[in-house]
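Novice: I have a structure I would like to understand better, so I am pasting it below and will then ask my questions one at a time.
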Amino acid sequence: METINIFDKPKAEKSGIKKTFPVTGMTCAACAGSVESILSHTEGVNNAQVNFASSSVLVDYEEATTEVQLQNALRQVGYDIIIDAEDPSAAQEELSRKHYEDVKSRTICSAVLTLPVFILGMFFMDWIPGRYISLALSIPILFWFGRSFYVNAFKQARFGKANMDTLVALSTGIAFLFSVFNTFFPDFWHARGIHPHVYYEAATVIITFISLGKLLEEKAKSNTSSAIKKLMGLQPKTLMVIENGTEREIPISSVQVGDTVLVRSGEKIPVDGLVSKGNSYVDESMISGEPIPVSKKSGDEVFAGTINQKGSFQFTAKKVGGETLLSQIIKMVQEAQGSKAPVQKLVDKIAGIFVPIVIGIAITTFIVWMSLGGDDAFTHALLTSVAVLVIACPCALGLATPTAIMVGIGKGAENNILIKDAESLELGHKVNAIILDKTGTITKGKPEVTDAIWNYADDNSKGILIAMEQQSEHPLAAAVVSHLKAENIKPVEVSNFESSTGQGVSATYEKEQYFIGNKRLIETNDVKLSSDLEKRAQTLQEQAKTVVLFANSKQVLGLLAIADEIKDTSKKAIGTLQNRGIAVYMLTGDNANTAKAVAGQVGITEFKAEVMPSDKANFVKELQAKGKVVAMVGDGINDSHALAQADVSIAMGKGSDIAMDVAKMTLITSDLQSIPKALKLSKKTVLGIRQNLFWAFIYNIIGIPIAAGILYPINGFLLDPMIAGAAMAFSSVSVVLNSLRLKQAKI
C-alpha cells in the first residue's frame, strides 16, 4: 500500500475542487452510469462518482472548469445538477418532494385508467368495442402519465446511449403499436389464419407497475437519507446578533466570523464560537454522546447544534457556514452516502453494459422465434422479445449496493459512528488486527487526580494548596485545582510564591512555608517523609501515576496521585474485540512503565512505547505485510500517518481536525465500545449488499430465459409481458425493503 504523507495533502487539493451536487432526472442505475460517463468525459473533470440512491454526484474538477459547464453537459442529455440554489440540499429536498408527489399522482391516475384496460384485456378480450375503449384509455397512460419514459429514451438515443427508460419505451411502445395495428387491421391476420390479439393491458400495466416501483423507490430513498435531514434539523434557521448594544435577528446564512451572538435558555447554538459574556450549561450530547450538560463560561468553546440549558450568554462566532462542526458532520455523512464501495463500482460497470446486452438478447429472441416459431412465429417473437425487454430493467441492480450503504451509514450516525466513505464500511467486517493509540483513545486524554491521601491537612491547608496550584504553571497543577474545586475548597491568600524548576513550588501563609512538588523538593527543605507514605507513593508510581507531595516546614500534609485515567468502557470494548478473534495492539509515545501499566489494566498483551509517528505507520505496514486487515484508532496529529496507512481508519471525535480529516470513520463519543459496533455494522451492511445482489441477479438469471420462451418447448408456457413488468417492479421493491431491514438491526 502506498504511504500517504498528510503534510502533502494541502498541495494535492490545489489541483482540483471536490464538490457534491444534487442530480435531477435520474430514473435508474443506467441513468447514473450515463451521468457519470458524461461528467467524466467533460473537459476539466478528473473524476465523477454518481450515487443513484442519494441522487447526487461527487465531482473532482479543475478550478478553470465552471459549475455551469458541468450543468450544460448534463442538460444536453436530459439530466441536471443544482448549482445556483442558496441551499442546494434544501432545493434538492424540495425538488424530490415535488417529484415524489408528481410520481404519486401519475401512478394513481395510471392505475385508475389501467384497471378497466386490464379487465377488458383479460376477461373481454374478444369484445371488439372493448379494444377501442382500451386504445382510448391507453393513450393518456402511455403518452401523458408515462411520457417521461419516451422523452428520456429519446434523449439517450440522440447520444447513442440506452438506459432503463429505453427498455420500457421499446417494450410498451412496440406492444402498443402492435395492438393498434391489430385493432384497425384485424383482417391482415385473419387472412393468415391467426387470431389478432391486442396487448393494451400489457403496455399499460407495465407503465403502472414500473411507476408504482418508482413511487416505492422514491419513498424508500427518502427514508434512507433521514439521518442527514435529522442532522440538518439541529441547526436553527435564524440567530440573534448584537450590534452596538442592539439585538437583531438575521438568517443563519448572513452571520459572519467575529459577530457577537446571543443565545437564550432552551435555544440551539447556531454556529461555533467562544463564550464572551455570561455562563450556562450546554447539552453537548450531539457531539460527545454524554447526557450530562457541560458548564460554559467566558472563553469556553460552544458548537452549532448543541442546546443551551439554563441562563443566557453571548459568544463570538468563530466558525460559520460549512466550517462549523455540525456542518462538517453533515458533509461527512453526505460524502459517505455519495461514495461507492468497490462492489458498487463493479455493479455500475455491469449496469452500463446491461441495457445493450438485453436489447441484443431481445433481438436474438425475436430472430429465433421468427425462424422456429411456426404459424404464430411473429406473435410469439414479438411477445417474448417484449417480455425480455421488460423483465430485465436494471433498477434492482442499481439499488442493491447504495441503498444498503445509505441505511448502514444512517444507522452508524444514530450510534455516534460517522462513516466518511463506503469503502471503509465494506472493509470493516474483514478487520482482524486493530491498533489503539493510548492517550485520548484508551485513556481520557486529560490528567486527573486519582488518589488523594491526607495526613494532617484540613480545609485551610487545602485552601493553601489550591491557592499555590492556581499560580503554578505546571501542566499537572490544573488537575489538582480541578480536584479541590470539586470538594468546594476555597483558596486563601498566600505570599512569596516561588517556582523551583524540576522540583515544585513554595509559598508562605501566616509566616509558615509550604511546599508542593516531588520527593527531592521535600528532602531539600529538610521535611521528612514517613515510611508509610513513602511505600504508598512507590505503589502509586508503579501504577504509572505521578505523585505530588504537599508539606509545610515540619511534615508532609498529603499525597496526590495524578494520571490520565483509563476510560470506563475501554477494557470491556477491548475484551469484546479480542473475543471476536481480532488482535488488539497499543502504541504510545509515552514511557514504557506507563504503557505497561495501562496495557495491563485493559488486557492488552501486545504494545509498544516511546514510538514516533512514523513508527506507528511502519507498524501498520508490518501487520499488512503479514496479511492482516488493519484498523487504526487515534485522536492526534501524531496518529495521522498511521491512520492514512491503515485499511480502516477511525478517529476519536474529540481529537484533532487532521486526524478526523484523514480517518474514514469518526466516533463522536469517547466510548470505545463504538468500535466493535462499527465493525458489526459493516458485517450486517455487507450481508445486506450480498442479499440485494442475489435478489437483483436472480430475477434476471431466471426471468430473462423464461421471458425469451425457454419453457415453451417443454410445457407451452410463455411469460406475459404484463407479468414480466410486475416481476421487475417487485425485484426493485424487494431490494429496497431488504436494505431498510438494517434500520432495525442491533449492533
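Just remember, in the C-alpha cells the first chain shown is A, the second B, etc., residues are 1-based per chain, and ligands are 1-based in the order shown.
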Got a sec: who's within 10 Å of A:Ala169, counting only C-alpha atoms, leaving out chain neighbours fewer than 6 positions off, as a list in words?
Specialist: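 These residues fall inside the cut-off: Leu142, Gly146, Arg147, Ser148, Phe149, Tyr150, Val151, Asn152, Ala153, Phe154, Ala175, Ala203, Ile207, Leu389 and Val390 of chain A.
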Novice: Would you mind exporting the chosen residues as a short mmCIF file (atom, residue, chain, number, x, y, z; two decimals), in the first residue's frame, restricted to N, CA and C atoms?
Specialist:
data_model
loop_
_atom_site.label_atom_id
_atom_site.label_comp_id
_atom_site.auth_asym_id
_atom_site.auth_seq_id
_atom_site.Cartn_x
_atom_site.Cartn_y
_atom_site.Cartn_z
N LEU A 142 -49.86 5.89 -21.54
CA LEU A 142 -48.52 5.76 -22.10
C LEU A 142 -47.89 7.12 -22.40
N GLY A 146 -47.07 8.38 -18.61
CA GLY A 146 -45.81 7.65 -18.78
C GLY A 146 -44.88 8.29 -19.80
N ARG A 147 -45.15 9.58 -20.12
CA ARG A 147 -44.38 10.24 -21.18
C ARG A 147 -42.89 10.33 -20.86
N SER A 148 -42.53 10.38 -19.56
CA SER A 148 -41.12 10.56 -19.19
C SER A 148 -40.25 9.41 -19.71
N PHE A 149 -40.83 8.21 -19.81
CA PHE A 149 -40.06 7.06 -20.32
C PHE A 149 -39.62 7.29 -21.77
N TYR A 150 -40.54 7.82 -22.58
CA TYR A 150 -40.26 8.01 -24.00
C TYR A 150 -39.36 9.22 -24.23
N VAL A 151 -39.60 10.29 -23.46
CA VAL A 151 -38.77 11.50 -23.59
C VAL A 151 -37.32 11.19 -23.22
N ASN A 152 -37.14 10.50 -22.10
CA ASN A 152 -35.79 10.19 -21.65
C ASN A 152 -35.09 9.21 -22.60
N ALA A 153 -35.85 8.24 -23.10
CA ALA A 153 -35.27 7.27 -24.04
C ALA A 153 -34.79 7.98 -25.31
N PHE A 154 -35.58 8.95 -25.78
CA PHE A 154 -35.20 9.69 -26.99
C PHE A 154 -33.93 10.50 -26.75
N ALA A 175 -45.54 -2.98 -28.01
CA ALA A 175 -46.81 -3.64 -27.67
C ALA A 175 -48.00 -2.78 -28.06
N ALA A 203 -49.11 -3.23 -22.06
CA ALA A 203 -48.38 -1.95 -22.12
C ALA A 203 -48.76 -1.05 -20.94
N ILE A 207 -46.41 0.14 -17.56
CA ILE A 207 -46.21 1.54 -17.16
C ILE A 207 -46.64 1.74 -15.71
N LEU A 389 -37.36 -7.48 -22.73
CA LEU A 389 -37.03 -6.07 -22.50
C LEU A 389 -37.57 -5.57 -21.17
N VAL A 390 -38.76 -6.02 -20.80
CA VAL A 390 -39.41 -5.53 -19.59
C VAL A 390 -38.80 -6.12 -18.32
#
Novice: Work out how far atom CA of A:Val241 is from atom CA of A:Val294, in Å to one decimal.
Specialist: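 Rounded to one decimal, the two atoms are 23.1 Å apart.
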Novice: So how many Å separate atom CA of A:Pro356 and atom CA of A:Leu212, to one decimal?
Specialist: 24.8 Å
Novice: Give me, as a PyMOL selection string, all polymer residues having an atom no more than 6 Å from A:Glu448, counting only C-alpha atoms and skipping those fewer than 6 positions away in the same chain.
Specialist: chain A and resi 479+562-563
Novice: Can you write out the residues you just picked, keeping N, CA, C and O atoms, as a PDB file, in the first residue's frame?
Specialist:
ATOM      1  N   ALA A 479      -5.001  19.791  37.232  1.00  0.00           N
ATOM      2  CA  ALA A 479      -5.697  18.603  37.727  1.00  0.00           C
ATOM      3  C   ALA A 479      -5.945  18.706  39.224  1.00  0.00           C
ATOM      4  O   ALA A 479      -7.014  18.333  39.720  1.00  0.00           O
ATOM      5  N   ILE A 562      -1.580  11.623  40.291  1.00  0.00           N
ATOM      6  CA  ILE A 562      -2.215  12.163  39.081  1.00  0.00           C
ATOM      7  C   ILE A 562      -1.912  11.245  37.908  1.00  0.00           C
ATOM      8  O   ILE A 562      -0.779  10.801  37.725  1.00  0.00           O
ATOM      9  N   ALA A 563      -2.942  10.961  37.128  1.00  0.00           N
ATOM     10  CA  ALA A 563      -2.755  10.098  35.955  1.00  0.00           C
ATOM     11  C   ALA A 563      -3.815  10.408  34.918  1.00  0.00           C
ATOM     12  O   ALA A 563      -4.855  11.003  35.221  1.00  0.00           O
TER      13      ALA A 563
END
Novice: Fewer than 5 positions away in the same chain doesn't count, so skip those; otherwise give me all residues within 12 Å of A:Gln744, counting only C-alpha atoms, as a list in words.
Specialist: Val407, Gly408, Gly410, Lys411, Glu414, Leu681, Lys684, Leu737, Asn738 and Ser739 of chain A
Novice: I need the chosen residues saved as an mmCIF file, in the first residue's frame, with N, CA and C atoms.
Specialist:
data_model
loop_
_atom_site.group_PDB
_atom_site.id
_atom_site.type_symbol
_atom_site.label_atom_id
_atom_site.label_comp_id
_atom_site.auth_asym_id
_atom_site.auth_seq_id
_atom_site.Cartn_x
_atom_site.Cartn_y
_atom_site.Cartn_z
ATOM 1 N N VAL A 407 -28.384 3.148 4.245
ATOM 2 C CA VAL A 407 -29.033 2.770 5.503
ATOM 3 C C VAL A 407 -27.974 2.454 6.558
ATOM 4 N N GLY A 408 -26.881 1.779 6.134
ATOM 5 C CA GLY A 408 -25.795 1.465 7.065
ATOM 6 C C GLY A 408 -25.151 2.709 7.633
ATOM 7 N N GLY A 410 -26.539 5.696 7.833
ATOM 8 C CA GLY A 410 -27.524 6.326 8.721
ATOM 9 C C GLY A 410 -27.596 5.628 10.071
ATOM 10 N N LYS A 411 -27.525 4.293 10.040
ATOM 11 C CA LYS A 411 -27.525 3.514 11.283
ATOM 12 C C LYS A 411 -26.292 3.847 12.108
ATOM 13 N N GLU A 414 -26.706 7.160 13.913
ATOM 14 C CA GLU A 414 -27.572 7.027 15.094
ATOM 15 C C GLU A 414 -26.803 6.486 16.291
ATOM 16 N N LEU A 681 -21.587 -3.372 12.347
ATOM 17 C CA LEU A 681 -22.416 -2.679 11.364
ATOM 18 C C LEU A 681 -21.918 -2.979 9.955
ATOM 19 N N LYS A 684 -23.080 -6.467 8.902
ATOM 20 C CA LYS A 684 -24.503 -6.528 8.561
ATOM 21 C C LYS A 684 -24.793 -5.795 7.250
ATOM 22 N N LEU A 737 -36.636 -2.839 0.362
ATOM 23 C CA LEU A 737 -37.170 -3.287 1.649
ATOM 24 C C LEU A 737 -36.133 -4.092 2.429
ATOM 25 N N ASN A 738 -35.353 -4.895 1.730
ATOM 26 C CA ASN A 738 -34.299 -5.665 2.393
ATOM 27 C C ASN A 738 -33.250 -4.739 2.997
ATOM 28 N N SER A 739 -32.900 -3.661 2.283
ATOM 29 C CA SER A 739 -31.940 -2.687 2.811
ATOM 30 C C SER A 739 -32.482 -2.005 4.065
#
Novice: Would you please give, as a VMD selection string, all residues of stretch 360-544 of chain A that DSSP assigns to strand (DSSP E) based on the backbone?
Specialist: chain A and resid 417 to 419 433 to 437 443 to 454 495 to 500 504 to 509 512 to 517
Novice: Could you work out how far atom CA of A:Lys519 lies from atom CA of A:Asp459, giving the answer in Å with one decimal?
Specialist: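 Taking atom CA of A:Asp459 and atom CA of A:Lys519, their separation equals 23.3 Å.
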Novice: Neighbouring residues of A:Val629 were defined as those with any atom within 7 Å, considering only C-alpha atoms; residues of the same chain fewer than 2 positions away were excluded. Please report them as a PyMOL selection string.
Specialist: chain A and resi 430-433+624+627+631+647
Novice: Could you pull the residues within 9 Å of stretch 549-559 of chain A, counting only C-alpha atoms, minus those fewer than 6 positions along the same chain, as a PyMOL selection string?
Specialist: chain A and resi 451-458+461+465+512-519+521-522+525-530+533+537
Novice: Skip stretch 57-71 of chain A itself and residues of its chain fewer than 6 positions away, then list as number ranges by chain all residues within 8 Å of it, counting only C-alpha atoms.
Specialist: A: 15-23, 36, 39, 42-51, 80-83, 335, 338-339
Novice: Between A:Ile133, A:Ile582, A:Ile206, A:Leu383, which residue has the minimum interatomic distance to A:Pro116, considering only C-alpha atoms?
Specialist: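 Of all the options, A:Ile133 lies closest to A:Pro116.
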